[in-house]
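Colleague: Below is the file my_file-v8.pdb, with PDB, C-alpha atoms, pLDDT in the B column.
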```pdb
ATOM      1  CA  PRO A   1     -30.888 186.771 -50.106  1.00 43.00           C
ATOM      2  CA  GLN A   2     -29.075 188.355 -47.193  1.00 48.00           C
ATOM      3  CA  ALA A   3     -27.871 191.914 -47.686  1.00 51.00           C
ATOM      4  CA  HIS A   4     -24.098 192.045 -48.147  1.00 61.00           C
ATOM      5  CA  ASN A   5     -23.555 194.208 -45.069  1.00 76.00           C
ATOM      6  CA  MET A   6     -25.329 191.741 -42.714  1.00 84.00           C
ATOM      7  CA  GLN A   7     -23.054 189.772 -40.420  1.00 87.00           C
ATOM      8  CA  VAL A   8     -23.729 186.468 -38.746  1.00 88.00           C
ATOM      9  CA  LEU A   9     -23.110 186.389 -35.013  1.00 87.00           C
ATOM     10  CA  GLY A  10     -20.566 183.647 -34.226  1.00 86.00           C
ATOM     11  CA  THR A  11     -21.030 181.234 -31.333  1.00 90.00           C
ATOM     12  CA  PRO A  12     -18.144 182.803 -29.316  1.00 91.00           C
ATOM     13  CA  GLU A  13     -19.808 186.235 -29.621  1.00 91.00           C
ATOM     14  CA  LEU A  14     -23.196 184.824 -28.659  1.00 93.00           C
ATOM     15  CA  LEU A  15     -21.593 183.172 -25.616  1.00 94.00           C
ATOM     16  CA  SER A  16     -20.144 186.578 -24.668  1.00 92.00           C
ATOM     17  CA  VAL A  17     -23.596 188.154 -24.881  1.00 93.00           C
ATOM     18  CA  ALA A  18     -25.074 185.297 -22.819  1.00 95.00           C
ATOM     19  CA  SER A  19     -22.383 185.826 -20.157  1.00 94.00           C
ATOM     20  CA  LEU A  20     -23.393 189.505 -19.984  1.00 93.00           C
ATOM     21  CA  LEU A  21     -27.048 188.511 -19.561  1.00 94.00           C
ATOM     22  CA  GLN A  22     -26.355 185.748 -17.015  1.00 94.00           C
ATOM     23  CA  GLY A  23     -27.442 186.980 -13.601  1.00 86.00           C
ATOM     24  CA  GLU A  24     -29.421 189.930 -14.986  1.00 90.00           C
ATOM     25  CA  ASP A  25     -33.130 190.344 -14.185  1.00 91.00           C
ATOM     26  CA  PRO A  26     -34.848 187.014 -15.026  1.00 91.00           C
ATOM     27  CA  GLU A  27     -38.367 188.456 -14.686  1.00 93.00           C
ATOM     28  CA  PRO A  28     -39.091 188.600 -18.470  1.00 94.00           C
ATOM     29  CA  TYR A  29     -38.231 184.866 -18.771  1.00 95.00           C
ATOM     30  CA  ALA A  30     -40.253 183.968 -15.680  1.00 93.00           C
ATOM     31  CA  ARG A  31     -43.269 185.897 -17.016  1.00 93.00           C
ATOM     32  CA  ALA A  32     -42.973 184.191 -20.414  1.00 94.00           C
ATOM     33  CA  LEU A  33     -42.800 180.782 -18.690  1.00 93.00           C
ATOM     34  CA  ALA A  34     -46.006 181.509 -16.805  1.00 90.00           C
ATOM     35  CA  GLY A  35     -47.685 182.687 -20.008  1.00 89.00           C
ATOM     36  CA  GLU A  36     -48.015 186.229 -18.635  1.00 89.00           C
ATOM     37  CA  GLY A  37     -46.080 187.907 -21.447  1.00 78.00           C
ATOM     38  CA  GLU A  38     -47.230 188.293 -25.021  1.00 83.00           C
ATOM     39  CA  ARG A  39     -44.316 186.343 -26.477  1.00 92.00           C
ATOM     40  CA  PRO A  40     -43.086 182.773 -25.953  1.00 94.00           C
ATOM     41  CA  LEU A  41     -39.895 182.243 -23.973  1.00 96.00           C
ATOM     42  CA  ALA A  42     -37.646 181.709 -27.039  1.00 96.00           C
ATOM     43  CA  ASP A  43     -38.740 185.052 -28.532  1.00 96.00           C
ATOM     44  CA  VAL A  44     -38.122 186.891 -25.253  1.00 95.00           C
ATOM     45  CA  LEU A  45     -34.637 185.344 -25.064  1.00 95.00           C
ATOM     46  CA  ARG A  46     -33.889 186.204 -28.705  1.00 94.00           C
ATOM     47  CA  HIS A  47     -35.012 189.798 -28.145  1.00 93.00           C
ATOM     48  CA  ARG A  48     -32.796 190.184 -25.057  1.00 93.00           C
ATOM     49  CA  ILE A  49     -29.805 188.834 -26.978  1.00 94.00           C
ATOM     50  CA  LEU A  50     -30.269 191.131 -29.978  1.00 91.00           C
ATOM     51  CA  SER A  51     -30.870 194.128 -27.683  1.00 89.00           C
ATOM     52  CA  SER A  52     -27.533 193.468 -25.964  1.00 91.00           C
ATOM     53  CA  LEU A  53     -25.403 193.209 -29.119  1.00 88.00           C
ATOM     54  CA  ARG A  54     -24.236 196.836 -28.956  1.00 86.00           C
ATOM     55  CA  GLU A  55     -22.427 196.025 -25.703  1.00 86.00           C
ATOM     56  CA  ILE A  56     -20.013 193.797 -27.646  1.00 85.00           C
ATOM     57  CA  GLY A  57     -19.723 196.152 -30.639  1.00 86.00           C
ATOM     58  CA  PHE A  58     -22.362 194.694 -33.003  1.00 87.00           C
ATOM     59  CA  ASP A  59     -25.170 196.603 -34.689  1.00 88.00           C
ATOM     60  CA  PRO A  60     -28.425 194.674 -34.016  1.00 84.00           C
ATOM     61  CA  ALA A  61     -29.914 195.991 -37.279  1.00 87.00           C
ATOM     62  CA  LYS A  62     -27.060 194.477 -39.271  1.00 89.00           C
ATOM     63  CA  THR A  63     -26.566 191.224 -37.374  1.00 89.00           C
ATOM     64  CA  HIS A  64     -28.418 187.943 -37.480  1.00 88.00           C
ATOM     65  CA  LEU A  65     -28.040 184.601 -35.715  1.00 91.00           C
ATOM     66  CA  SER A  66     -26.958 181.424 -37.458  1.00 90.00           C
ATOM     67  CA  THR A  67     -29.459 178.595 -37.956  1.00 91.00           C
ATOM     68  CA  ASP A  68     -27.769 176.486 -35.244  1.00 91.00           C
ATOM     69  CA  GLU A  69     -27.998 179.338 -32.747  1.00 93.00           C
ATOM     70  CA  GLU A  70     -31.642 180.004 -33.610  1.00 93.00           C
ATOM     71  CA  ASP A  71     -32.310 176.292 -33.073  1.00 94.00           C
ATOM     72  CA  ALA A  72     -30.534 176.306 -29.692  1.00 94.00           C
ATOM     73  CA  ILE A  73     -32.665 179.268 -28.531  1.00 95.00           C
ATOM     74  CA  ASP A  74     -35.889 177.592 -29.723  1.00 96.00           C
ATOM     75  CA  LEU A  75     -34.982 174.287 -28.050  1.00 95.00           C
ATOM     76  CA  ILE A  76     -34.181 175.999 -24.723  1.00 96.00           C
ATOM     77  CA  GLY A  77     -37.571 177.709 -24.944  1.00 96.00           C
ATOM     78  CA  ILE A  78     -39.298 174.367 -25.554  1.00 95.00           C
ATOM     79  CA  LEU A  79     -37.335 172.571 -22.788  1.00 94.00           C
ATOM     80  CA  PHE A  80     -38.171 175.119 -20.092  1.00 95.00           C
ATOM     81  CA  GLN A  81     -41.726 175.743 -21.247  1.00 93.00           C
ATOM     82  CA  SER A  82     -42.608 172.040 -21.328  1.00 92.00           C
ATOM     83  CA  LEU A  83     -41.059 171.430 -17.888  1.00 90.00           C
ATOM     84  CA  TYR A  84     -42.917 174.387 -16.446  1.00 91.00           C
ATOM     85  CA  GLU A  85     -46.256 173.331 -17.919  1.00 89.00           C
ATOM     86  CA  ALA A  86     -45.893 169.683 -16.847  1.00 89.00           C
ATOM     87  CA  ASN A  87     -45.385 170.505 -13.158  1.00 89.00           C
ATOM     88  CA  ASP A  88     -47.094 172.430 -10.380  1.00 87.00           C
ATOM     89  CA  LEU A  89     -44.598 175.247  -9.781  1.00 85.00           C
ATOM     90  CA  VAL A  90     -45.248 178.235  -7.511  1.00 83.00           C
ATOM     91  CA  GLU A  91     -43.896 181.738  -8.160  1.00 82.00           C
ATOM     92  CA  GLN A  92     -40.608 181.132  -6.345  1.00 85.00           C
ATOM     93  CA  ALA A  93     -39.912 178.094  -8.534  1.00 89.00           C
ATOM     94  CA  ARG A  94     -40.942 180.005 -11.663  1.00 90.00           C
ATOM     95  CA  ASP A  95     -38.284 182.626 -10.848  1.00 92.00           C
ATOM     96  CA  MET A  96     -35.644 179.915 -10.326  1.00 94.00           C
ATOM     97  CA  TYR A  97     -36.389 178.501 -13.768  1.00 95.00           C
ATOM     98  CA  GLY A  98     -36.231 182.003 -15.232  1.00 95.00           C
ATOM     99  CA  ARG A  99     -32.752 182.515 -13.778  1.00 96.00           C
ATOM    100  CA  LEU A 100     -31.484 179.292 -15.369  1.00 97.00           C
ATOM    101  CA  VAL A 101     -32.586 180.098 -18.939  1.00 97.00           C
ATOM    102  CA  VAL A 102     -29.378 181.941 -19.923  1.00 97.00           C
ATOM    103  CA  PRO A 103     -26.875 179.501 -18.344  1.00 97.00           C
ATOM    104  CA  TYR A 104     -28.718 176.660 -20.091  1.00 97.00           C
ATOM    105  CA  LEU A 105     -28.524 178.495 -23.411  1.00 97.00           C
ATOM    106  CA  LYS A 106     -24.735 178.616 -22.915  1.00 96.00           C
ATOM    107  CA  VAL A 107     -24.701 174.852 -22.356  1.00 97.00           C
ATOM    108  CA  ALA A 108     -26.852 174.293 -25.470  1.00 96.00           C
ATOM    109  CA  LEU A 109     -24.542 176.390 -27.660  1.00 95.00           C
ATOM    110  CA  THR A 110     -21.522 174.258 -26.830  1.00 93.00           C
ATOM    111  CA  ASP A 111     -23.072 170.834 -26.192  1.00 93.00           C
ATOM    112  CA  ASP A 112     -26.149 169.717 -28.101  1.00 87.00           C
ATOM    113  CA  SER A 113     -26.327 166.442 -26.131  1.00 94.00           C
ATOM    114  CA  LEU A 114     -28.210 168.569 -23.557  1.00 94.00           C
ATOM    115  CA  PHE A 115     -31.380 167.829 -25.513  1.00 92.00           C
ATOM    116  CA  ASN A 116     -31.007 164.134 -26.242  1.00 90.00           C
ATOM    117  CA  ARG A 117     -29.160 162.768 -23.175  1.00 92.00           C
ATOM    118  CA  ARG A 118     -31.283 162.479 -20.039  1.00 89.00           C
ATOM    119  CA  THR A 119     -28.140 161.801 -17.969  1.00 94.00           C
ATOM    120  CA  HIS A 120     -26.572 165.119 -19.015  1.00 95.00           C
ATOM    121  CA  PRO A 121     -25.447 166.949 -15.809  1.00 95.00           C
ATOM    122  CA  ALA A 122     -27.563 170.001 -16.627  1.00 96.00           C
ATOM    123  CA  ARG A 123     -30.634 167.839 -17.302  1.00 95.00           C
ATOM    124  CA  GLN A 124     -30.112 166.028 -14.007  1.00 95.00           C
ATOM    125  CA  LEU A 125     -30.102 169.344 -12.174  1.00 96.00           C
ATOM    126  CA  LEU A 126     -33.407 170.276 -13.835  1.00 95.00           C
ATOM    127  CA  ASP A 127     -34.850 166.896 -12.778  1.00 93.00           C
ATOM    128  CA  VAL A 128     -33.883 167.253  -9.118  1.00 94.00           C
ATOM    129  CA  LEU A 129     -34.876 170.934  -9.075  1.00 95.00           C
ATOM    130  CA  THR A 130     -38.312 170.017 -10.415  1.00 93.00           C
ATOM    131  CA  GLU A 131     -38.615 167.263  -7.797  1.00 91.00           C
ATOM    132  CA  ALA A 132     -37.796 169.810  -5.072  1.00 92.00           C
ATOM    133  CA  CYS A 133     -40.236 172.434  -6.359  1.00 92.00           C
ATOM    134  CA  ASP A 134     -43.163 170.481  -7.802  1.00 90.00           C
ATOM    135  CA  GLY A 135     -46.221 171.188  -5.654  1.00 89.00           C
ATOM    136  CA  ASN A 136     -44.028 172.823  -2.992  1.00 90.00           C
ATOM    137  CA  SER A 137     -45.455 176.107  -1.724  1.00 88.00           C
ATOM    138  CA  GLY A 138     -43.197 176.188   1.351  1.00 87.00           C
ATOM    139  CA  ASP A 139     -46.008 175.556   3.852  1.00 89.00           C
ATOM    140  CA  THR A 140     -43.955 173.517   6.338  1.00 88.00           C
ATOM    141  CA  PRO A 141     -40.460 174.267   7.704  1.00 88.00           C
ATOM    142  CA  GLN A 142     -39.137 171.244   5.739  1.00 87.00           C
ATOM    143  CA  ASP A 143     -40.716 172.471   2.503  1.00 89.00           C
ATOM    144  CA  LYS A 144     -39.288 175.947   3.094  1.00 90.00           C
ATOM    145  CA  GLU A 145     -35.843 174.465   3.668  1.00 91.00           C
ATOM    146  CA  THR A 146     -36.103 172.458   0.432  1.00 91.00           C
ATOM    147  CA  LEU A 147     -36.979 175.604  -1.538  1.00 92.00           C
ATOM    148  CA  GLN A 148     -34.028 177.426   0.077  1.00 93.00           C
ATOM    149  CA  ARG A 149     -31.699 174.594  -0.948  1.00 93.00           C
ATOM    150  CA  ALA A 150     -33.132 174.696  -4.462  1.00 95.00           C
ATOM    151  CA  GLU A 151     -32.442 178.470  -4.561  1.00 94.00           C
ATOM    152  CA  HIS A 152     -28.893 177.768  -3.407  1.00 94.00           C
ATOM    153  CA  ALA A 153     -28.375 175.269  -6.262  1.00 95.00           C
ATOM    154  CA  VAL A 154     -29.634 177.849  -8.777  1.00 96.00           C
ATOM    155  CA  ASP A 155     -27.436 180.585  -7.237  1.00 95.00           C
ATOM    156  CA  ARG A 156     -24.410 178.336  -7.627  1.00 94.00           C
ATOM    157  CA  VAL A 157     -25.033 177.791 -11.343  1.00 96.00           C
ATOM    158  CA  VAL A 158     -25.870 181.442 -12.099  1.00 96.00           C
ATOM    159  CA  ASP A 159     -22.876 182.769 -10.128  1.00 95.00           C
ATOM    160  CA  GLU A 160     -20.260 180.241 -11.172  1.00 94.00           C
ATOM    161  CA  TYR A 161     -21.065 178.604 -14.521  1.00 95.00           C
ATOM    162  CA  GLN A 162     -18.764 179.696 -17.339  1.00 91.00           C
ATOM    163  CA  ASP A 163     -17.995 176.557 -19.304  1.00 90.00           C
ATOM    164  CA  ASP A 164     -17.329 173.813 -16.737  1.00 93.00           C
ATOM    165  CA  GLN A 165     -20.350 171.507 -16.434  1.00 94.00           C
ATOM    166  CA  ALA A 166     -19.036 170.085 -13.148  1.00 95.00           C
ATOM    167  CA  ILE A 167     -20.904 172.946 -11.457  1.00 96.00           C
ATOM    168  CA  PHE A 168     -24.203 171.303 -12.475  1.00 97.00           C
ATOM    169  CA  GLU A 169     -23.085 167.991 -10.961  1.00 96.00           C
ATOM    170  CA  LEU A 170     -22.129 169.695  -7.700  1.00 95.00           C
ATOM    171  CA  ALA A 171     -25.432 171.587  -7.455  1.00 95.00           C
ATOM    172  CA  THR A 172     -27.371 168.394  -8.276  1.00 95.00           C
ATOM    173  CA  THR A 173     -25.557 166.319  -5.632  1.00 94.00           C
ATOM    174  CA  GLU A 174     -26.122 168.925  -2.908  1.00 93.00           C
ATOM    175  CA  LEU A 175     -29.829 169.263  -3.684  1.00 94.00           C
ATOM    176  CA  ARG A 176     -30.374 165.512  -4.053  1.00 93.00           C
ATOM    177  CA  ASP A 177     -28.696 164.915  -0.649  1.00 92.00           C
ATOM    178  CA  GLN A 178     -31.115 167.424   0.886  1.00 86.00           C
ATOM    179  CA  LEU A 179     -34.127 165.653  -0.669  1.00 88.00           C
ATOM    180  CA  GLU A 180     -32.880 162.251   0.542  1.00 89.00           C
ATOM    181  CA  GLN A 181     -32.392 163.587   4.080  1.00 87.00           C
ATOM    182  CA  GLN A 182     -35.866 165.072   4.091  1.00 79.00           C
ATOM    183  CA  LYS A 183     -37.356 161.828   2.791  1.00 74.00           C
ATOM    184  CA  ARG A 184     -35.613 159.868   5.569  1.00 74.00           C
ATOM    185  CA  ARG A 185     -36.831 162.348   8.192  1.00 71.00           C
ATOM    186  CA  SER A 186     -40.391 162.153   6.954  1.00 68.00           C
ATOM    187  CA  GLU A 187     -40.287 158.331   6.824  1.00 69.00           C
ATOM    188  CA  LEU A 188     -38.979 158.292  10.403  1.00 68.00           C
ATOM    189  CA  SER A 189     -41.698 160.627  11.674  1.00 68.00           C
ATOM    190  CA  GLU A 190     -44.352 158.561   9.838  1.00 70.00           C
ATOM    191  CA  LYS A 191     -42.950 155.409  11.454  1.00 73.00           C
ATOM    192  CA  ARG A 192     -43.047 157.042  14.899  1.00 75.00           C
ATOM    193  CA  ALA A 193     -46.602 158.230  14.338  1.00 73.00           C
ATOM    194  CA  ALA A 194     -47.635 154.721  13.237  1.00 75.00           C
ATOM    195  CA  GLU A 195     -45.940 153.197  16.308  1.00 74.00           C
ATOM    196  CA  ALA A 196     -47.681 155.718  18.577  1.00 76.00           C
ATOM    197  CA  ILE A 197     -51.079 154.865  17.044  1.00 81.00           C
ATOM    198  CA  HIS A 198     -50.338 151.142  17.363  1.00 72.00           C
ATOM    199  CA  GLY A 199     -49.275 151.705  21.007  1.00 77.00           C
ATOM    200  CA  ARG A 200     -52.511 153.584  21.777  1.00 80.00           C
ATOM    201  CA  GLU A 201     -54.571 150.849  20.127  1.00 78.00           C
ATOM    202  CA  ARG A 202     -52.831 148.171  22.230  1.00 78.00           C
ATOM    203  CA  LEU A 203     -53.406 150.214  25.390  1.00 73.00           C
ATOM    204  CA  ALA A 204     -57.095 150.666  24.550  1.00 78.00           C
ATOM    205  CA  GLN A 205     -57.385 146.925  23.851  1.00 80.00           C
ATOM    206  CA  ALA A 206     -55.664 146.111  27.176  1.00 75.00           C
ATOM    207  CA  ARG A 207     -58.128 148.394  28.983  1.00 78.00           C
ATOM    208  CA  ARG A 208     -61.077 146.717  27.284  1.00 83.00           C
ATOM    209  CA  ASP A 209     -59.665 143.310  28.219  1.00 78.00           C
ATOM    210  CA  ALA A 210     -59.220 144.453  31.827  1.00 76.00           C
ATOM    211  CA  ASP A 211     -62.747 145.906  31.921  1.00 74.00           C
ATOM    212  CA  GLY A 212     -64.101 142.628  30.543  1.00 79.00           C
ATOM    213  CA  LEU A 213     -62.151 140.637  33.152  1.00 74.00           C
ATOM    214  CA  VAL A 214     -63.381 142.862  36.007  1.00 78.00           C
ATOM    215  CA  ALA A 215     -66.965 142.627  34.744  1.00 77.00           C
ATOM    216  CA  SER A 216     -66.772 138.827  34.530  1.00 79.00           C
ATOM    217  CA  ARG A 217     -65.278 138.573  38.031  1.00 75.00           C
ATOM    218  CA  LEU A 218     -67.985 140.829  39.428  1.00 75.00           C
ATOM    219  CA  ALA A 219     -70.603 138.756  37.670  1.00 70.00           C
TER
END
```
Using structure tokens, write down the structure from this file.

Modeller:
Amino acid sequence: PQAHNMQVLGTPELLSVASLLQGEDPEPYARALAGEGERPLADVLRHRILSSLREIGFDPAKTHLSTDEEDAIDLIGILFQSLYEANDLVEQARDMYGRLVVPYLKVALTDDSLFNRRTHPARQLLDVLTEACDGNSGDTPQDKETLQRAEHAVDRVVDEYQDDQAIFELATTELRDQLEQQKRRSELSEKRAAEAIHGRERLAQARRDADGLVASRLA
């Protein structure tokens, strides 16, 4: 049984701690995502939360999280870890994911449909962010620009998210527009390249025809 002097951290208090952590160094989360730390992401997150309790007047030794909050932390760990492992993400993308861990915990604490609704605004941002970053090491100017836009979307969430999920929709729309533009540009340049090849082939064929005609006349 729990000792009588233990107190359970309420969701409002945990949200306060998360707001303090939002925007702080994401390196421990990023390292956990990449499997470079000794602990899984959920444990790193839990440790950071408990270490920050004194800042809101709680004694970490005498405080524990409720079952629902423990579940939310574990599920965030699983969500980010599985996304990271399923895609080819370079270091820059790993850091972006690391920065989003705390804002997403705040979403999870107030809205559990984050985990079972694929159309959830925060899930949609993760989808488009993954599309922008998967296999993208910024080798071409377009790829670099896409990564910069992805960074901008993450900045927006980290800087502005308190409790209004509209910020996820805005960040998603901006990044998706960028991806669509890039796709159109690349389709256009592919079309031009194909037309140029076709044009060269026709020219070569015309020259062969002319050579054949000249040869037959001379004969």

Colleague: Name the residues captured by the PyMOL selection byres ((chain A and resi 136) around 9) when it is applied to the shown file; answer as a list in words.

Modeller: Asp88, Leu89, Val90, Ala93, Ala132, Cys133, Asp134, Gly135, Ser137, Gly138, Asp139, Asp143, Lys144, Thr146 and Leu147 of chain A

Colleague: Extract, using only C-alpha atoms, all DNA, RNA and protein residues at most 9 Å from A:Glu70, discarding same-chain residues fewer than 5 positions from it, and format them as a count of residues only.

Modeller: 3

Colleague: When distances are computed from all atoms listed in the file, which of A:Ala206, A:Leu14, A:Val128, A:Leu53 shows the smallest separation from A:Leu105?

Modeller: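 Checking each candidate against A:Leu105, we get A:Leu14 as the closest.
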
Colleague: Which residue gives the smallest distance to A:Glu145 among A:Thr172, A:Gln181, A:Thr110, A:Thr119, with only C-alpha atoms counted?

Modeller: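 Among A:Thr172, A:Gln181, A:Thr110, A:Thr119, it is A:Gln181 that comes nearest to A:Glu145.
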
Colleague: Which residues, written as a PDB file with C-alpha atoms, in the frame of the given file, have at least one atom at most 6 Å from A:Asp95, with all atoms listed in the file counted and residues fewer than 3 positions away on the same chain left out?

Modeller:
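Listing of result05.pdb after writing:
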```pdb
ATOM      1  CA  ALA A  30     -40.253 183.968 -15.680  1.00 93.00           C
ATOM      2  CA  GLN A  92     -40.608 181.132  -6.345  1.00 85.00           C
ATOM      3  CA  GLY A  98     -36.231 182.003 -15.232  1.00 95.00           C
TER       4      GLY A  98
END
```

Colleague: Would you list the residues near (-32.6, 175.5, -27.6), meaning any protein, DNA or RNA residue with an atom at most 12 Å from that point in file coordinates, counting all atoms listed in the file, as JSON, numbers by chain?

Modeller: {"A": [41, 42, 43, 45, 46, 67, 68, 69, 70, 71, 72, 73, 74, 75, 76, 77, 78, 79, 80, 81, 101, 102, 103, 104, 105, 106, 107, 108, 109, 110, 111, 112, 113, 114, 115, 116]}

Colleague: A:His64: which residues within 7 Å, counting only C-alpha atoms, same-chain residues fewer than 6 positions away excluded, as a VMD selection string?

Modeller: chain A and resid 7 to 9

Colleague: Step by step, work through what the PyMOL selection byres ((chain A and resi 17) around 9) selects in the shown file, and finish by giving those residues as a PDB file with C-alpha atoms, keeping the file's coordinate frame.

Modeller:
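Final output, result.pdb:
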```pdb
ATOM      1  CA  PRO A  12     -18.144 182.803 -29.316  1.00 91.00           C
ATOM      2  CA  GLU A  13     -19.808 186.235 -29.621  1.00 91.00           C
ATOM      3  CA  LEU A  14     -23.196 184.824 -28.659  1.00 93.00           C
ATOM      4  CA  LEU A  15     -21.593 183.172 -25.616  1.00 94.00           C
ATOM      5  CA  SER A  16     -20.144 186.578 -24.668  1.00 92.00           C
ATOM      6  CA  ALA A  18     -25.074 185.297 -22.819  1.00 95.00           C
ATOM      7  CA  SER A  19     -22.383 185.826 -20.157  1.00 94.00           C
ATOM      8  CA  LEU A  20     -23.393 189.505 -19.984  1.00 93.00           C
ATOM      9  CA  LEU A  21     -27.048 188.511 -19.561  1.00 94.00           C
ATOM     10  CA  GLN A  22     -26.355 185.748 -17.015  1.00 94.00           C
ATOM     11  CA  ILE A  49     -29.805 188.834 -26.978  1.00 94.00           C
ATOM     12  CA  LEU A  50     -30.269 191.131 -29.978  1.00 91.00           C
ATOM     13  CA  SER A  52     -27.533 193.468 -25.964  1.00 91.00           C
ATOM     14  CA  LEU A  53     -25.403 193.209 -29.119  1.00 88.00           C
ATOM     15  CA  GLU A  55     -22.427 196.025 -25.703  1.00 86.00           C
ATOM     16  CA  ILE A  56     -20.013 193.797 -27.646  1.00 85.00           C
TER      17      ILE A  56
END
```

Colleague: Can you measure atom CA of A:Arg48 to atom CA of A:Ile167 for me? One decimal in Å is fine.

Modeller: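 It comes out at 25.0 Å.
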
Colleague: As a PDB file, keeping the file's coordinate frame, could you write out stretch 8-23 of chain A once it has been completed with N, CA, C and O atoms?

Modeller:
```pdb
ATOM      1  N   VAL A   8     -23.198 187.547 -39.582  1.00 88.00           N
ATOM      2  CA  VAL A   8     -23.729 186.468 -38.746  1.00 88.00           C
ATOM      3  C   VAL A   8     -22.982 186.492 -37.412  1.00 88.00           C
ATOM      4  O   VAL A   8     -21.756 186.583 -37.393  1.00 88.00           O
ATOM      5  N   LEU A   9     -23.732 186.421 -36.344  1.00 87.00           N
ATOM      6  CA  LEU A   9     -23.110 186.389 -35.013  1.00 87.00           C
ATOM      7  C   LEU A   9     -22.500 185.011 -34.796  1.00 87.00           C
ATOM      8  O   LEU A   9     -23.190 184.002 -34.924  1.00 87.00           O
ATOM      9  N   GLY A  10     -21.215 184.941 -34.480  1.00 86.00           N
ATOM     10  CA  GLY A  10     -20.566 183.647 -34.226  1.00 86.00           C
ATOM     11  C   GLY A  10     -20.922 183.126 -32.837  1.00 86.00           C
ATOM     12  O   GLY A  10     -21.321 183.901 -31.959  1.00 86.00           O
ATOM     13  N   THR A  11     -20.733 181.831 -32.645  1.00 90.00           N
ATOM     14  CA  THR A  11     -21.030 181.234 -31.333  1.00 90.00           C
ATOM     15  C   THR A  11     -20.212 181.884 -30.206  1.00 90.00           C
ATOM     16  O   THR A  11     -20.757 182.169 -29.133  1.00 90.00           O
ATOM     17  N   PRO A  12     -18.899 182.158 -30.409  1.00 91.00           N
ATOM     18  CA  PRO A  12     -18.144 182.803 -29.316  1.00 91.00           C
ATOM     19  C   PRO A  12     -18.739 184.159 -28.917  1.00 91.00           C
ATOM     20  O   PRO A  12     -18.804 184.492 -27.732  1.00 91.00           O
ATOM     21  N   GLU A  13     -19.204 184.927 -29.924  1.00 91.00           N
ATOM     22  CA  GLU A  13     -19.808 186.235 -29.621  1.00 91.00           C
ATOM     23  C   GLU A  13     -21.136 186.060 -28.885  1.00 91.00           C
ATOM     24  O   GLU A  13     -21.438 186.793 -27.941  1.00 91.00           O
ATOM     25  N   LEU A  14     -21.914 185.062 -29.332  1.00 93.00           N
ATOM     26  CA  LEU A  14     -23.196 184.824 -28.659  1.00 93.00           C
ATOM     27  C   LEU A  14     -22.975 184.378 -27.213  1.00 93.00           C
ATOM     28  O   LEU A  14     -23.711 184.779 -26.302  1.00 93.00           O
ATOM     29  N   LEU A  15     -21.926 183.590 -26.991  1.00 94.00           N
ATOM     30  CA  LEU A  15     -21.593 183.172 -25.616  1.00 94.00           C
ATOM     31  C   LEU A  15     -21.207 184.386 -24.771  1.00 94.00           C
ATOM     32  O   LEU A  15     -21.543 184.464 -23.583  1.00 94.00           O
ATOM     33  N   SER A  16     -20.510 185.344 -25.389  1.00 92.00           N
ATOM     34  CA  SER A  16     -20.144 186.578 -24.668  1.00 92.00           C
ATOM     35  C   SER A  16     -21.396 187.356 -24.264  1.00 92.00           C
ATOM     36  O   SER A  16     -21.490 187.863 -23.141  1.00 92.00           O
ATOM     37  N   VAL A  17     -22.342 187.446 -25.192  1.00 93.00           N
ATOM     38  CA  VAL A  17     -23.596 188.154 -24.881  1.00 93.00           C
ATOM     39  C   VAL A  17     -24.336 187.425 -23.753  1.00 93.00           C
ATOM     40  O   VAL A  17     -24.831 188.042 -22.807  1.00 93.00           O
ATOM     41  N   ALA A  18     -24.382 186.088 -23.850  1.00 95.00           N
ATOM     42  CA  ALA A  18     -25.074 185.297 -22.819  1.00 95.00           C
ATOM     43  C   ALA A  18     -24.416 185.509 -21.450  1.00 95.00           C
ATOM     44  O   ALA A  18     -25.105 185.610 -20.431  1.00 95.00           O
ATOM     45  N   SER A  19     -23.078 185.593 -21.436  1.00 94.00           N
ATOM     46  CA  SER A  19     -22.383 185.826 -20.157  1.00 94.00           C
ATOM     47  C   SER A  19     -22.747 187.188 -19.581  1.00 94.00           C
ATOM     48  O   SER A  19     -22.840 187.348 -18.361  1.00 94.00           O
ATOM     49  N   LEU A  20     -22.969 188.180 -20.460  1.00 93.00           N
ATOM     50  CA  LEU A  20     -23.393 189.505 -19.984  1.00 93.00           C
ATOM     51  C   LEU A  20     -24.802 189.426 -19.382  1.00 93.00           C
ATOM     52  O   LEU A  20     -25.103 190.087 -18.396  1.00 93.00           O
ATOM     53  N   LEU A  21     -25.649 188.611 -20.009  1.00 94.00           N
ATOM     54  CA  LEU A  21     -27.048 188.511 -19.561  1.00 94.00           C
ATOM     55  C   LEU A  21     -27.212 187.615 -18.333  1.00 94.00           C
ATOM     56  O   LEU A  21     -28.190 187.738 -17.600  1.00 94.00           O
ATOM     57  N   GLN A  22     -26.253 186.698 -18.134  1.00 94.00           N
ATOM     58  CA  GLN A  22     -26.355 185.748 -17.015  1.00 94.00           C
ATOM     59  C   GLN A  22     -26.364 186.512 -15.693  1.00 94.00           C
ATOM     60  O   GLN A  22     -25.468 187.290 -15.416  1.00 94.00           O
ATOM     61  N   GLY A  23     -27.384 186.285 -14.885  1.00 86.00           N
ATOM     62  CA  GLY A  23     -27.442 186.980 -13.601  1.00 86.00           C
ATOM     63  C   GLY A  23     -28.223 188.281 -13.670  1.00 86.00           C
ATOM     64  O   GLY A  23     -28.506 188.891 -12.648  1.00 86.00           O
TER      65      GLY A  23
END
```
